[in-house]
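File shown here: my_file-v7.tsv, holding TSV, C-alpha atoms and all ligand atoms.
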```
chain	number	residue	atom	x	y	z
D	1	MET	CA	-1.88	17.58	-21.97
D	2	LEU	CA	-5.32	16.69	-20.63
D	3	GLY	CA	-4.36	13.69	-18.48
D	4	LYS	CA	-6.55	11.33	-16.49
D	5	LYS	CA	-9.79	12.68	-14.99
D	6	ILE	CA	-9.94	11.42	-11.43
D	7	LYS	CA	-13.11	11.37	-9.33
D	8	ILE	CA	-13.00	12.55	-5.71
D	9	ASP	CA	-15.65	11.79	-3.11
D	10	VAL	CA	-15.99	14.84	-0.85
D	11	ASP	CA	-16.80	12.62	2.16
D	12	TYR	CA	-13.21	11.39	2.02
D	13	LEU	CA	-11.63	14.87	2.02
D	14	ARG	CA	-10.01	15.81	5.27
D	15	PRO	CA	-9.13	19.16	6.80
D	16	ASN	CA	-5.52	20.33	6.36
D	17	SER	CA	-4.97	18.32	3.18
D	18	THR	CA	-3.99	20.04	-0.05
D	19	PHE	CA	-4.03	18.89	-3.66
D	20	ILE	CA	-1.27	19.36	-6.19
D	21	TYR	CA	-3.83	19.77	-8.99
D	22	PRO	CA	-6.87	22.08	-8.79
D	23	LEU	CA	-10.13	20.37	-7.80
D	24	ILE	CA	-12.87	21.01	-10.31
D	25	SER	CA	-16.64	20.56	-10.35
D	26	GLU	CA	-18.63	18.52	-12.87
D	27	ASP	CA	-19.06	21.75	-14.92
D	28	GLY	CA	-15.35	22.56	-14.83
D	29	ASP	CA	-15.43	25.34	-12.14
D	30	ILE	CA	-12.26	25.49	-10.06
D	31	VAL	CA	-13.45	24.56	-6.56
D	32	LEU	CA	-10.07	24.47	-4.82
D	33	PRO	CA	-6.84	25.90	-6.26
D	34	PRO	CA	-3.68	23.78	-6.02
D	35	ARG	CA	-1.79	23.84	-2.74
D	36	VAL	CA	-4.60	25.53	-0.78
D	37	ALA	CA	-5.33	23.72	2.49
D	38	LEU	CA	-8.86	22.51	3.16
D	39	THR	CA	-10.68	23.36	6.38
D	40	ALA	CA	-13.76	21.66	7.82
D	41	GLU	CA	-15.84	24.77	6.92
D	42	LYS	CA	-14.52	24.76	3.36
D	43	ILE	CA	-15.39	21.08	2.94
D	44	ASN	CA	-18.95	21.74	4.14
D	45	ALA	CA	-19.28	24.73	1.82
D	46	ILE	CA	-18.01	22.67	-1.14
D	47	LYS	CA	-20.52	19.93	-0.33
D	48	ALA	CA	-23.42	22.39	-0.09
D	49	ARG	CA	-22.58	24.03	-3.42
D	50	TYR	CA	-21.25	21.19	-5.58
D	51	GLY	CA	-22.52	17.98	-3.97
D	52	ASN	CA	-20.36	14.98	-3.19
D	53	ILE	CA	-18.34	14.45	-6.35
D	54	LEU	CA	-15.42	16.53	-7.59
D	55	TYR	CA	-12.63	15.83	-10.08
D	56	TYR	CA	-9.06	16.68	-10.93
D	57	ASN	CA	-6.95	16.15	-14.01
D	58	ASP	CA	-3.81	14.17	-13.34
D	59	ASN	CA	-1.49	15.01	-16.24
D	60	GLY	CA	1.37	13.04	-14.68
D	61	GLN	CA	3.60	16.12	-14.60
D	62	MET	CA	3.76	16.31	-10.83
D	63	ALA	CA	5.07	12.77	-10.47
D	64	VAL	CA	8.69	12.87	-9.37
D	65	ILE	CA	9.97	10.04	-11.56
D	66	PRO	CA	9.80	10.92	-15.25
D	67	SER	CA	7.97	8.38	-17.38
D	68	PHE	CA	10.98	7.73	-19.63
D	69	ARG	CA	12.90	6.60	-16.53
D	70	MET	CA	10.11	4.19	-15.63
D	71	GLN	CA	10.19	2.81	-19.18
D	72	ILE	CA	13.96	2.26	-19.01
D	73	ALA	CA	13.50	0.40	-15.71
D	74	ARG	CA	10.67	-1.65	-17.21
D	75	ASN	CA	12.76	-2.63	-20.24
D	76	LYS	CA	15.68	-3.58	-18.03
D	77	SER	CA	13.32	-5.68	-15.90
D	78	LYS	CA	12.13	-7.43	-19.07
D	79	GLU	CA	15.73	-8.19	-20.14
D	80	ILE	CA	16.63	-9.59	-16.71
D	81	MET	CA	13.49	-11.74	-16.50
D	82	HIS	CA	14.17	-13.16	-19.99
D	83	GLU	CA	17.78	-13.88	-19.16
D	84	ILE	CA	16.74	-15.81	-16.04
D	85	ALA	CA	13.88	-17.64	-17.75
D	86	GLN	CA	16.23	-18.89	-20.46
D	87	SER	CA	19.44	-19.64	-18.59
D	88	HIS	CA	18.30	-19.85	-14.93
D	89	LYS	CA	21.22	-17.50	-14.31
D	90	ILE	CA	21.84	-13.81	-14.11
D	91	SER	CA	25.00	-12.12	-15.31
D	92	LYS	CA	27.07	-9.70	-13.29
D	93	VAL	CA	26.61	-7.16	-16.08
D	94	ALA	CA	22.81	-7.39	-15.80
D	95	ILE	CA	22.96	-6.76	-12.04
D	96	HIS	CA	25.20	-3.74	-12.53
D	97	GLU	CA	22.90	-2.36	-15.16
D	98	ALA	CA	19.89	-2.89	-12.88
D	99	GLU	CA	21.79	-1.06	-10.18
D	100	LYS	CA	22.36	1.91	-12.50
D	101	VAL	CA	18.65	2.05	-13.35
D	102	ILE	CA	17.76	2.00	-9.66
D	103	ILE	CA	20.35	4.69	-8.77
D	104	ASP	CA	18.72	7.05	-11.30
D	105	ILE	CA	15.30	6.43	-9.75
D	106	VAL	CA	16.59	6.91	-6.19
D	107	ASN	CA	18.27	10.18	-7.30
D	108	ASP	CA	14.96	11.43	-8.71
D	109	LEU	CA	13.34	10.69	-5.37
D	110	THR	CA	15.96	12.44	-3.27
D	111	SER	CA	16.21	15.57	-5.40
D	112	THR	CA	12.62	16.74	-4.92
D	113	GLU	CA	9.69	16.63	-2.55
D	114	ILE	CA	7.60	13.55	-3.36
D	115	LEU	CA	4.25	14.86	-4.50
D	116	ALA	CA	2.81	12.01	-6.48
D	117	LEU	CA	3.81	8.66	-7.88
D	118	ASN	CA	2.59	7.44	-11.21
D	119	LEU	CA	3.03	3.70	-11.06
D	120	LEU	CA	3.11	1.58	-14.21
D	121	LYS	CA	-0.31	0.00	-14.62
D	122	ASP	CA	-0.57	-0.96	-18.27
D	123	LEU	CA	-0.93	-4.70	-17.82
D	124	LYS	CA	-1.95	-6.93	-20.68
D	125	SER	CA	-0.41	-10.25	-19.73
D	126	TYR	CA	1.30	-11.94	-16.83
D	127	GLU	CA	4.68	-11.00	-18.29
D	128	GLU	CA	3.74	-7.33	-18.57
D	129	TYR	CA	2.47	-7.50	-15.03
D	130	ILE	CA	5.73	-8.85	-13.64
D	131	TYR	CA	7.94	-6.31	-15.47
D	132	ASN	CA	5.83	-3.39	-14.29
D	133	HIS	CA	5.27	-4.80	-10.82
D	134	SER	CA	9.06	-5.08	-10.33
D	135	VAL	CA	9.54	-1.40	-11.18
D	136	ASN	CA	6.62	-0.34	-8.98
D	137	VAL	CA	7.76	-2.35	-5.95
D	138	GLY	CA	11.29	-0.98	-6.38
D	139	ILE	CA	9.97	2.59	-6.43
D	140	LEU	CA	7.52	2.13	-3.53
D	141	SER	CA	10.22	0.46	-1.41
D	142	ALA	CA	12.64	3.33	-2.10
D	143	VAL	CA	10.01	5.92	-1.14
D	144	MET	CA	9.07	4.03	1.99
D	145	ALA	CA	12.73	3.59	3.01
D	146	ARG	CA	13.23	7.32	2.52
D	147	MET	CA	10.14	8.14	4.58
D	148	ILE	CA	11.32	5.90	7.43
D	149	GLY	CA	14.22	8.33	7.63
D	150	THR	CA	16.92	6.15	9.20
D	151	PHE	CA	18.56	4.71	6.06
D	152	ASN	CA	21.48	6.24	4.18
D	153	LYS	CA	21.46	6.62	0.41
D	154	ASP	CA	23.31	3.37	-0.19
D	155	GLU	CA	20.85	1.41	1.96
D	156	ILE	CA	17.91	3.05	0.16
D	157	LYS	CA	19.44	2.03	-3.18
D	158	ASN	CA	19.80	-1.59	-2.04
D	159	ILE	CA	16.26	-1.69	-0.63
D	160	ALA	CA	14.99	-0.39	-3.99
D	161	LEU	CA	17.10	-2.96	-5.83
D	162	GLY	CA	15.71	-5.69	-3.56
D	163	GLY	CA	12.18	-4.52	-4.44
D	164	TYR	CA	13.05	-4.43	-8.13
D	165	LEU	CA	14.42	-7.98	-8.11
D	166	HIS	CA	12.14	-9.50	-5.44
D	167	ASP	CA	10.23	-11.85	-7.76
D	168	ILE	CA	12.98	-12.85	-10.22
D	169	GLY	CA	12.75	-16.41	-8.87
D	170	GLN	CA	9.32	-16.68	-10.52
D	171	MET	CA	11.05	-16.76	-13.89
D	172	GLN	CA	12.31	-20.24	-13.09
D	173	LEU	CA	8.83	-21.58	-12.46
D	174	ASP	CA	6.56	-23.24	-15.00
D	175	LYS	CA	4.98	-20.61	-17.25
D	176	ASN	CA	1.60	-22.38	-17.09
D	177	LEU	CA	1.61	-21.98	-13.33
D	178	LEU	CA	2.29	-18.23	-13.57
D	179	GLU	CA	-0.42	-17.72	-16.15
D	180	LYS	CA	-3.01	-19.91	-14.44
D	181	GLU	CA	-6.22	-17.93	-14.05
D	182	GLY	CA	-8.12	-20.10	-11.63
D	183	LYS	CA	-7.36	-20.84	-8.01
D	184	TYR	CA	-4.06	-22.47	-7.12
D	185	ASN	CA	-4.23	-26.02	-5.72
D	186	ILE	CA	-1.87	-27.26	-3.00
D	187	THR	CA	0.76	-28.45	-5.49
D	188	ASP	CA	0.64	-25.09	-7.28
D	189	ILE	CA	1.08	-23.26	-3.99
D	190	GLN	CA	4.04	-25.42	-3.05
D	191	LYS	CA	5.68	-24.76	-6.41
D	192	MET	CA	4.99	-21.03	-6.11
D	193	LYS	CA	6.52	-20.93	-2.66
D	194	ARG	CA	9.89	-21.81	-4.14
D	195	HIS	CA	10.34	-18.49	-5.90
D	196	PRO	CA	12.05	-16.55	-3.04
D	197	GLN	CA	14.62	-19.35	-2.65
D	198	LEU	CA	15.19	-19.61	-6.43
D	199	GLY	CA	15.67	-15.85	-6.73
D	200	TYR	CA	18.05	-15.83	-3.78
D	201	GLU	CA	20.14	-18.69	-5.16
D	202	THR	CA	20.39	-17.03	-8.56
D	203	LEU	CA	21.64	-13.78	-7.02
D	204	LYS	CA	23.90	-15.51	-4.52
D	205	LYS	CA	26.03	-16.87	-7.37
D	206	ILE	CA	27.09	-13.34	-8.22
D	207	LYS	CA	29.75	-11.84	-6.01
D	208	ASP	CA	29.09	-8.43	-4.46
D	209	VAL	CA	25.28	-8.57	-4.35
D	210	HIS	CA	24.50	-6.68	-1.17
D	211	PRO	CA	23.02	-8.64	1.79
D	212	ILE	CA	20.06	-6.21	1.85
D	213	VAL	CA	19.16	-7.36	-1.67
D	214	LEU	CA	19.63	-11.05	-0.83
D	215	GLN	CA	17.56	-10.82	2.38
D	216	SER	CA	14.84	-8.88	0.56
D	217	VAL	CA	14.47	-11.52	-2.12
D	218	LEU	CA	14.61	-14.48	0.27
D	219	PHE	CA	12.24	-13.20	2.98
D	220	HIS	CA	9.71	-10.99	1.18
D	221	HIS	CA	6.87	-13.48	1.85
D	222	GLU	CA	7.41	-13.75	5.62
D	223	ARG	CA	4.55	-12.45	7.73
D	224	TYR	CA	3.84	-11.17	11.27
D	225	ASN	CA	1.54	-14.09	12.15
D	226	ASN	CA	4.21	-16.54	10.95
D	227	ASN	CA	1.93	-17.65	8.12
D	228	GLY	CA	4.49	-16.64	5.52
D	229	TYR	CA	6.24	-19.01	3.13
D	230	TYR	CA	8.81	-20.23	5.66
D	231	GLY	CA	6.99	-19.34	8.89
D	232	LEU	CA	10.12	-17.69	10.32
D	233	PRO	CA	9.83	-15.58	13.48
D	234	TYR	CA	8.92	-12.13	12.18
D	235	GLU	CA	10.60	-10.20	14.98
D	236	ASN	CA	13.99	-11.74	14.13
D	237	LEU	CA	13.87	-10.81	10.46
D	238	PRO	CA	15.50	-7.65	9.09
D	239	ILE	CA	13.22	-4.76	8.14
D	240	TYR	CA	14.12	-4.71	4.40
D	241	PRO	CA	12.04	-7.68	3.22
D	242	LYS	CA	9.14	-6.42	5.37
D	243	ILE	CA	9.19	-3.06	3.52
D	244	ILE	CA	9.26	-4.92	0.21
D	245	GLY	CA	6.54	-7.39	1.24
D	246	LEU	CA	4.21	-4.55	2.17
D	247	CYS	CA	4.87	-2.61	-1.06
D	248	ASP	CA	4.41	-5.88	-2.99
D	249	ILE	CA	0.92	-6.32	-1.53
D	250	TYR	CA	-0.11	-2.71	-2.26
D	251	ASP	CA	1.00	-2.85	-5.90
D	252	ALA	CA	-0.53	-6.30	-6.46
D	253	LEU	CA	-3.89	-5.15	-5.04
D	254	THR	CA	-4.01	-1.99	-7.16
D	255	SER	CA	-3.08	-3.86	-10.37
D	256	LYS	CA	-5.61	-5.44	-12.67
D	257	ARG	CA	-5.22	-9.21	-12.90
D	258	PRO	CA	-6.99	-11.70	-15.18
D	259	PHE	CA	-8.99	-13.05	-12.21
D	260	ARG	CA	-10.01	-9.70	-10.66
D	261	SER	CA	-10.13	-5.98	-11.40
D	262	ALA	CA	-7.77	-3.45	-9.84
D	263	ILE	CA	-8.64	-2.30	-6.33
D	264	GLU	CA	-8.91	1.48	-5.72
D	265	PRO	CA	-6.01	2.99	-3.70
D	266	SER	CA	-8.42	3.85	-0.84
D	267	ASN	CA	-9.59	0.22	-0.56
D	268	ALA	CA	-6.03	-1.08	-0.88
D	269	LEU	CA	-5.06	1.19	2.05
D	270	LYS	CA	-7.95	-0.27	4.05
D	271	ALA	CA	-6.63	-3.77	3.29
D	272	ILE	CA	-3.16	-2.66	4.40
D	273	LEU	CA	-4.58	-1.25	7.65
D	274	ASN	CA	-6.39	-4.54	8.25
D	275	ALA	CA	-3.05	-6.34	7.95
D	276	ILE	CA	-1.83	-4.82	11.26
D	277	ASN	CA	-0.59	-7.60	13.55
D	278	GLN	CA	-1.70	-10.12	10.93
D	279	GLN	CA	0.74	-9.69	8.09
D	280	PHE	CA	2.96	-6.81	9.28
D	281	ASP	CA	3.62	-4.86	12.47
D	282	TYR	CA	1.84	-1.68	13.50
D	283	GLN	CA	4.88	0.63	13.13
D	284	LEU	CA	5.53	-0.39	9.55
D	285	ILE	CA	1.91	-0.12	8.48
D	286	ASN	CA	1.58	3.22	10.27
D	287	ILE	CA	4.42	4.61	8.13
D	288	PHE	CA	2.91	3.21	4.93
D	289	ILE	CA	-0.52	4.65	5.65
D	290	ASN	CA	0.54	8.04	6.97
D	291	LYS	CA	3.51	8.73	4.71
D	292	LEU	CA	2.84	6.87	1.45
D	293	GLY	CA	-0.95	6.81	1.70
D	294	PRO	CA	-1.48	10.52	0.88
D	295	ILE	CA	0.84	10.31	-2.16
D	296	LEU	CA	-0.87	7.20	-3.48
D	297	ASN	CA	-4.43	8.22	-2.67
D	298	ASN	CA	-4.06	11.89	-3.67
D	299	THR	CA	-4.35	13.24	-0.12
D	300	GLN	CA	-7.84	11.85	0.36
D	301	ALA	CA	-8.68	9.84	3.44
D	302	PHE	CA	-9.30	6.12	2.89
D	303	TYR	CA	-12.06	5.96	5.49
D	304	THR	CA	-14.99	8.20	6.24
D	305	HIS	CA	-17.33	9.29	9.00
D	306	ASN	CA	-19.43	6.53	10.56
D	307	ASP	CA	-17.11	3.74	9.42
D	308	ILE	CA	-16.83	1.15	12.19
D	309	CYS	CA	-13.34	0.30	13.35
D	310	GLU	CA	-11.63	-2.09	15.72
D	311	LEU	CA	-9.06	-0.71	18.19
D	312	ASN	CA	-5.94	-2.33	19.63
D	313	THR	CA	-7.85	-2.69	22.93
D	314	GLN	CA	-10.45	-5.15	21.57
D	315	GLU	CA	-13.00	-2.35	21.42
D	316	LEU	CA	-15.20	-1.23	18.56
D	317	ALA	CA	-15.74	2.43	17.67
D	318	ILE	CA	-17.54	4.69	15.20
D	319	ILE	CA	-15.23	7.08	13.36
D	320	LYS	CA	-16.40	10.65	13.90
D	321	ASP	CA	-13.56	12.67	12.39
D	322	PHE	CA	-10.27	12.04	10.62
D	323	GLY	CA	-6.99	11.70	12.47
D	324	ILE	CA	-5.18	14.87	11.45
D	325	ASN	CA	-1.59	13.96	12.30
D	326	ASP	CA	-2.05	10.20	12.42
D	327	MET	CA	-4.70	8.54	10.28
D	328	LEU	CA	-4.77	5.59	12.69
D	329	LYS	CA	-5.87	7.88	15.54
D	330	PRO	CA	-9.15	9.50	14.47
D	331	LYS	CA	-11.86	11.00	16.69
D	332	VAL	CA	-14.18	8.14	17.63
D	333	ILE	CA	-17.04	7.00	19.82
D	334	ILE	CA	-16.07	3.73	21.49
D	335	PHE	CA	-19.20	1.69	22.07
D	336	CYS	CA	-18.27	-1.86	22.94
D	337	LYS	CA	-15.72	-4.36	24.11
D	338	PHE	CA	-15.59	-7.71	22.36
D	339	GLN	CA	-14.17	-11.18	22.39
D	340	ARG	CA	-13.37	-12.97	19.18
D	341	THR	CA	-13.76	-16.70	18.83
D	342	GLY	CA	-12.91	-17.68	15.27
D	343	GLU	CA	-15.13	-15.63	12.97
D	344	GLN	CA	-17.61	-14.93	15.80
D	345	LEU	CA	-17.65	-11.63	17.67
D	346	LEU	CA	-19.14	-11.60	21.16
D	347	ALA	CA	-19.82	-7.95	21.93
D	348	ARG	CA	-20.62	-6.22	25.22
D	349	PHE	CA	-22.04	-2.75	24.57
D	350	TYR	CA	-21.08	0.09	26.92
D	351	GLU	CA	-23.80	1.82	28.96
D	352	LYS	CA	-22.03	5.10	28.30
D	353	PRO	CA	-20.14	5.18	24.99
D	354	LEU	CA	-16.82	6.99	25.20
D	355	GLU	CA	-16.28	9.90	22.83
D	356	ILE	CA	-12.56	10.44	22.40
D	357	ASP	CA	-9.90	11.93	20.16
D	358	LEU	CA	-7.46	9.02	19.88
D	359	SER	CA	-4.54	11.42	19.26
D	360	GLN	CA	-5.05	12.63	22.86
D	361	ASP	CA	-5.84	9.25	24.43
D	362	PRO	CA	-3.70	8.54	27.54
D	363	ASP	CA	-4.26	4.80	26.95
D	364	ASN	CA	-2.68	5.01	23.48
D	365	ARG	CA	-5.53	3.39	21.59
D	366	TYR	CA	-5.29	3.17	17.80
D	367	MET	CA	-7.18	1.57	14.92
D	368	ILE	CA	-6.11	-1.86	13.77
D	369	LYS	CA	-9.01	-2.70	11.47
D	370	ILE	CA	-11.88	-1.17	9.58
D	371	ILE	CA	-14.78	-3.61	9.70
D	372	ASN	CA	-15.68	-4.57	6.16
D	373	ASN	CA	-17.41	-7.89	6.73
D	374	TYR	CA	-20.92	-7.15	5.50
D	375	LYS	CA	-22.74	-9.43	7.94
D	376	GLN	CA	-20.79	-8.18	10.96
D	377	LEU	CA	-21.30	-4.60	9.86
D	378	GLN	CA	-25.04	-5.05	9.47
D	379	SER	CA	-25.54	-6.54	12.91
D	380	ILE	CA	-23.38	-3.85	14.55
D	381	GLN	CA	-25.21	-1.07	12.70
D	382	LYS	CA	-28.57	-2.48	13.74
D	383	LYS	CA	-27.50	-2.39	17.38
D	384	LEU	CA	-26.15	1.15	17.03
D	385	GLU	CA	-29.39	2.37	15.51
D	386	GLU	CA	-31.31	0.82	18.40
D	387	LYS	CA	-29.04	2.67	20.81
D	388	LYS	CA	-29.33	5.87	18.71
D	389	LEU	CA	-25.59	6.09	18.19
D	390	LEU	CA	-25.81	6.26	14.41
H	401	FE	FE	6.97	-12.83	-4.37
```

Could you show the structure in this file as structure tokens?
Amino acid sequence: MLGKKIKIDVDYLRPNSTFIYPLISEDGDIVLPPRVALTAEKINAIKARYGNILYYNDNGQMAVIPSFRMQIARNKSKEIMHEIAQSHKISKVAIHEAEKVIIDIVNDLTSTEILALNLLKDLKSYEEYIYNHSVNVGILSAVMARMIGTFNKDEIKNIALGGYLHDIGQMQLDKNLLEKEGKYNITDIQKMKRHPQLGYETLKKIKDVHPIVLQSVLFHHERYNNNGYYGLPYENLPIYPKIIGLCDIYDALTSKRPFRSAIEPSNALKAILNAINQQFDYQLINIFINKLGPILNNTQAFYTHNDICELNTQELAIIKDFGINDMLKPKVIIFCKFQRTGEQLLARFYEKPLEIDLSQDPDNRYMIKIINNYKQLQSIQKKLEEKKLL
């Protein structure tokens, strides 16, 4: 099977990473065999010989969840969504069947090392999107729960089930609202905001639905800055809906929608990083980026040299090398301290920029944002060129 040909930008390759498929050049030469670790020297040699673009063929065979299992989950999701749309109820049988589907997926994940995930991305309509999105969020939540390492198998199953069912409340909303392509107005937003409550109430009528599932459905739109649907205090909420909320955002960003194209995994990871202390807490995002990021982005980094980042200390820095053990702690040159007032940045440039490996920093600095605002970036870059730092 030939599979999907995936392009790799050599600038985003980092030392110590390995690929599960061989990397090949434009002409089909094998540049890096599978499972061989990259070094900085090797990356430079590859660049000199083959330029900046390489490829690999993803034939889907390394993904840990077989595609037939994903299809079963998708079909079950379709049945459940239809049942709710028609009757505004869900049967006990449907929940038990959903549970069985999720147990099979969780078993696939626990039996092997997780090398790659092939998420369902064949989206032709809103309905297709919601069936596939449910499966994807269930899978991502299970993987993330496993990576966190403190949950038992039963908890992981219920987190996955919560992810799988998180948006079932949407099936009780007006179809025209769900399929609307333009921007939502205030009334639309208010209607949309009812879906966690509707989903929760539907599930609550069934005895024996685990509290993890109920909490996940009810609170998956709560956010760190309290700008979620209910504005509840983030720190008092359980972790389960936060895991699901984060996985929900990643899958939504990387899915094609009628009003925008799909965002590349590397850019979606950047958006997730930029949600630190805005939408979710640092610890949770750190796990997503460091543990799920390499599986989703095929071991490539999602930032590159000379990207400008913001640190937790209200400082700006130029990225000089990748964080090897923690992607949020790269080698950087810190060049200014800033104050933010609204969208405005007031920057004070350091006389002597500080070159530092954040993984060794006694002050525990870490990245909380990669600057992607074009105007801000341009004015910072201009200053850095003047100071000969770029
Ligand atoms: Fe939702």

- Task: Please identify all polymer residues within 10 Å of Tyr234 (chain D), counting all atoms listed in the file, omitting same-chain residues fewer than 5 positions from it, and present them as a VMD selection string.
- Result: chain D and resid 219 222 to 228 239 242 279 to 281

Mind writing the picked residues with C-alpha atoms as a PDB file, in the coordinates of the input?
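result36.pdb, written as the output of this step:
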```pdb
ATOM      1  CA  PHE D 219      12.240 -13.200   2.980  1.00  0.00           C
ATOM      2  CA  GLU D 222       7.410 -13.750   5.620  1.00  0.00           C
ATOM      3  CA  ARG D 223       4.550 -12.450   7.730  1.00  0.00           C
ATOM      4  CA  TYR D 224       3.840 -11.170  11.270  1.00  0.00           C
ATOM      5  CA  ASN D 225       1.540 -14.090  12.150  1.00  0.00           C
ATOM      6  CA  ASN D 226       4.210 -16.540  10.950  1.00  0.00           C
ATOM      7  CA  ASN D 227       1.930 -17.650   8.120  1.00  0.00           C
ATOM      8  CA  GLY D 228       4.490 -16.640   5.520  1.00  0.00           C
ATOM      9  CA  ILE D 239      13.220  -4.760   8.140  1.00  0.00           C
ATOM     10  CA  LYS D 242       9.140  -6.420   5.370  1.00  0.00           C
ATOM     11  CA  GLN D 279       0.740  -9.690   8.090  1.00  0.00           C
ATOM     12  CA  PHE D 280       2.960  -6.810   9.280  1.00  0.00           C
ATOM     13  CA  ASP D 281       3.620  -4.860  12.470  1.00  0.00           C
TER      14      ASP D 281
END
```

What are the closest atom pairs, with distances in Å to one decimal, for all residues of chain D lying within 7 Å of ligand FE 401 (chain H)? Consider only C-alpha atoms and all ligand atoms, order rows by chain and residue number, and present the result as CSV.
```
residue,atom,partner,partner_atom,distance
D:His166,CA,H:FE401,FE,6.2
D:Asp167,CA,H:FE401,FE,4.8
D:His195,CA,H:FE401,FE,6.8
D:Pro196,CA,H:FE401,FE,6.4
D:His220,CA,H:FE401,FE,6.5
D:His221,CA,H:FE401,FE,6.3
```

- Query: In terms of the shortest atom-to-atom distance over only C-alpha atoms, which of D:Tyr56, D:Tyr374, D:Tyr366, D:Phe335 is closest to Leu390 (chain D)?
  - Reply: D:Phe335

- Would you mind telling me which residue in D:Asp251, D:Glu201, D:Asp58, D:Asp174 lies nearest to Val135 (chain D) when using all atoms listed in the file?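 Comparing D:Asp251, D:Glu201, D:Asp58, D:Asp174 against Val135 (chain D), the winner is D:Asp251.
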
- Query: Do you know which residues are at most 12 Å from Phe259 (chain D) counting all atoms listed in the file, after dropping those on the same chain fewer than 3 positions away, and could you put them as a ChimeraX atom specification?
  - Reply: /D:125-126,179-184,253,255-256,262

- Query: Of the candidates D:Met62, D:Val217, D:Pro294, D:Leu389, which one gets nearest to Pro265 (chain D) if we count all atoms listed in the file?
  - Reply: D:Pro294

- Counting all atoms listed in the file, which of D:Val106, D:Ile206, D:Val137, D:Ile80 gets nearest to Lys157 (chain D)?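 Between D:Val106, D:Ile206, D:Val137, D:Ile80, the residue approaching Lys157 (chain D) most closely is D:Val106.
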
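Taking CA of Glu99 (chain D) as the reference point, CA of Leu117 (chain D) is found at 20.6 Å.
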
- Using all atoms listed in the file, which residues sit within 10 Å of region 350-365 of chain D once same-chain residues fewer than 2 positions away are excluded, as a PyMOL selection string? chain D and resi 311-315+317-337+347-348+367-368+387+389

Could those residues be written to a file, using C-alpha atoms, as a PDB file, keeping the file's coordinate frame?
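Okay, part.pdb is ready:
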```
ATOM      1  CA  LEU D 311      -9.060  -0.710  18.190  1.00  0.00           C
ATOM      2  CA  ASN D 312      -5.940  -2.330  19.630  1.00  0.00           C
ATOM      3  CA  THR D 313      -7.850  -2.690  22.930  1.00  0.00           C
ATOM      4  CA  GLN D 314     -10.450  -5.150  21.570  1.00  0.00           C
ATOM      5  CA  GLU D 315     -13.000  -2.350  21.420  1.00  0.00           C
ATOM      6  CA  ALA D 317     -15.740   2.430  17.670  1.00  0.00           C
ATOM      7  CA  ILE D 318     -17.540   4.690  15.200  1.00  0.00           C
ATOM      8  CA  ILE D 319     -15.230   7.080  13.360  1.00  0.00           C
ATOM      9  CA  LYS D 320     -16.400  10.650  13.900  1.00  0.00           C
ATOM     10  CA  ASP D 321     -13.560  12.670  12.390  1.00  0.00           C
ATOM     11  CA  PHE D 322     -10.270  12.040  10.620  1.00  0.00           C
ATOM     12  CA  GLY D 323      -6.990  11.700  12.470  1.00  0.00           C
ATOM     13  CA  ILE D 324      -5.180  14.870  11.450  1.00  0.00           C
ATOM     14  CA  ASN D 325      -1.590  13.960  12.300  1.00  0.00           C
ATOM     15  CA  ASP D 326      -2.050  10.200  12.420  1.00  0.00           C
ATOM     16  CA  MET D 327      -4.700   8.540  10.280  1.00  0.00           C
ATOM     17  CA  LEU D 328      -4.770   5.590  12.690  1.00  0.00           C
ATOM     18  CA  LYS D 329      -5.870   7.880  15.540  1.00  0.00           C
ATOM     19  CA  PRO D 330      -9.150   9.500  14.470  1.00  0.00           C
ATOM     20  CA  LYS D 331     -11.860  11.000  16.690  1.00  0.00           C
ATOM     21  CA  VAL D 332     -14.180   8.140  17.630  1.00  0.00           C
ATOM     22  CA  ILE D 333     -17.040   7.000  19.820  1.00  0.00           C
ATOM     23  CA  ILE D 334     -16.070   3.730  21.490  1.00  0.00           C
ATOM     24  CA  PHE D 335     -19.200   1.690  22.070  1.00  0.00           C
ATOM     25  CA  CYS D 336     -18.270  -1.860  22.940  1.00  0.00           C
ATOM     26  CA  LYS D 337     -15.720  -4.360  24.110  1.00  0.00           C
ATOM     27  CA  ALA D 347     -19.820  -7.950  21.930  1.00  0.00           C
ATOM     28  CA  ARG D 348     -20.620  -6.220  25.220  1.00  0.00           C
ATOM     29  CA  MET D 367      -7.180   1.570  14.920  1.00  0.00           C
ATOM     30  CA  ILE D 368      -6.110  -1.860  13.770  1.00  0.00           C
ATOM     31  CA  LYS D 387     -29.040   2.670  20.810  1.00  0.00           C
ATOM     32  CA  LEU D 389     -25.590   6.090  18.190  1.00  0.00           C
TER      33      LEU D 389
END
```

- Item | Radius query 12 Å about (10.3, -23.8, -14.1), atoms used: all atoms listed in the file, as an MDAnalysis selection string | chainID D and resid 84:88 168:178 188 191:192 194:195 198

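CA of Leu165 (chain D) sits 22.6 Å away from CA of Asn236 (chain D).
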
- Task: Write out as JSON, numbers by chain which residues come within 12 Å of Tyr21 (chain D) when counting all atoms listed in the file, dropping same-chain ones fewer than 3 positions away.
- Result: {"D": [3, 4, 5, 6, 18, 24, 30, 31, 32, 33, 34, 35, 36, 55, 56, 57, 58, 59, 60, 61, 62, 63, 115, 116, 298, 299]}

- Task: For CA of Ile130 (chain D) and CA of Asp108 (chain D), determine how far apart the two atoms are, in Å to one decimal place.
- Result: 22.8 Å

Coordinates of box centre and edge lengths for region 152-168 of chain D, 6 Å on every side, axis-aligned, as lines of an AutoDock Vina configuration file:
```
center_x = 16.8
center_y = -3.1
center_z = -3.0
size_x = 25.1
size_y = 31.5
size_z = 26.4
```
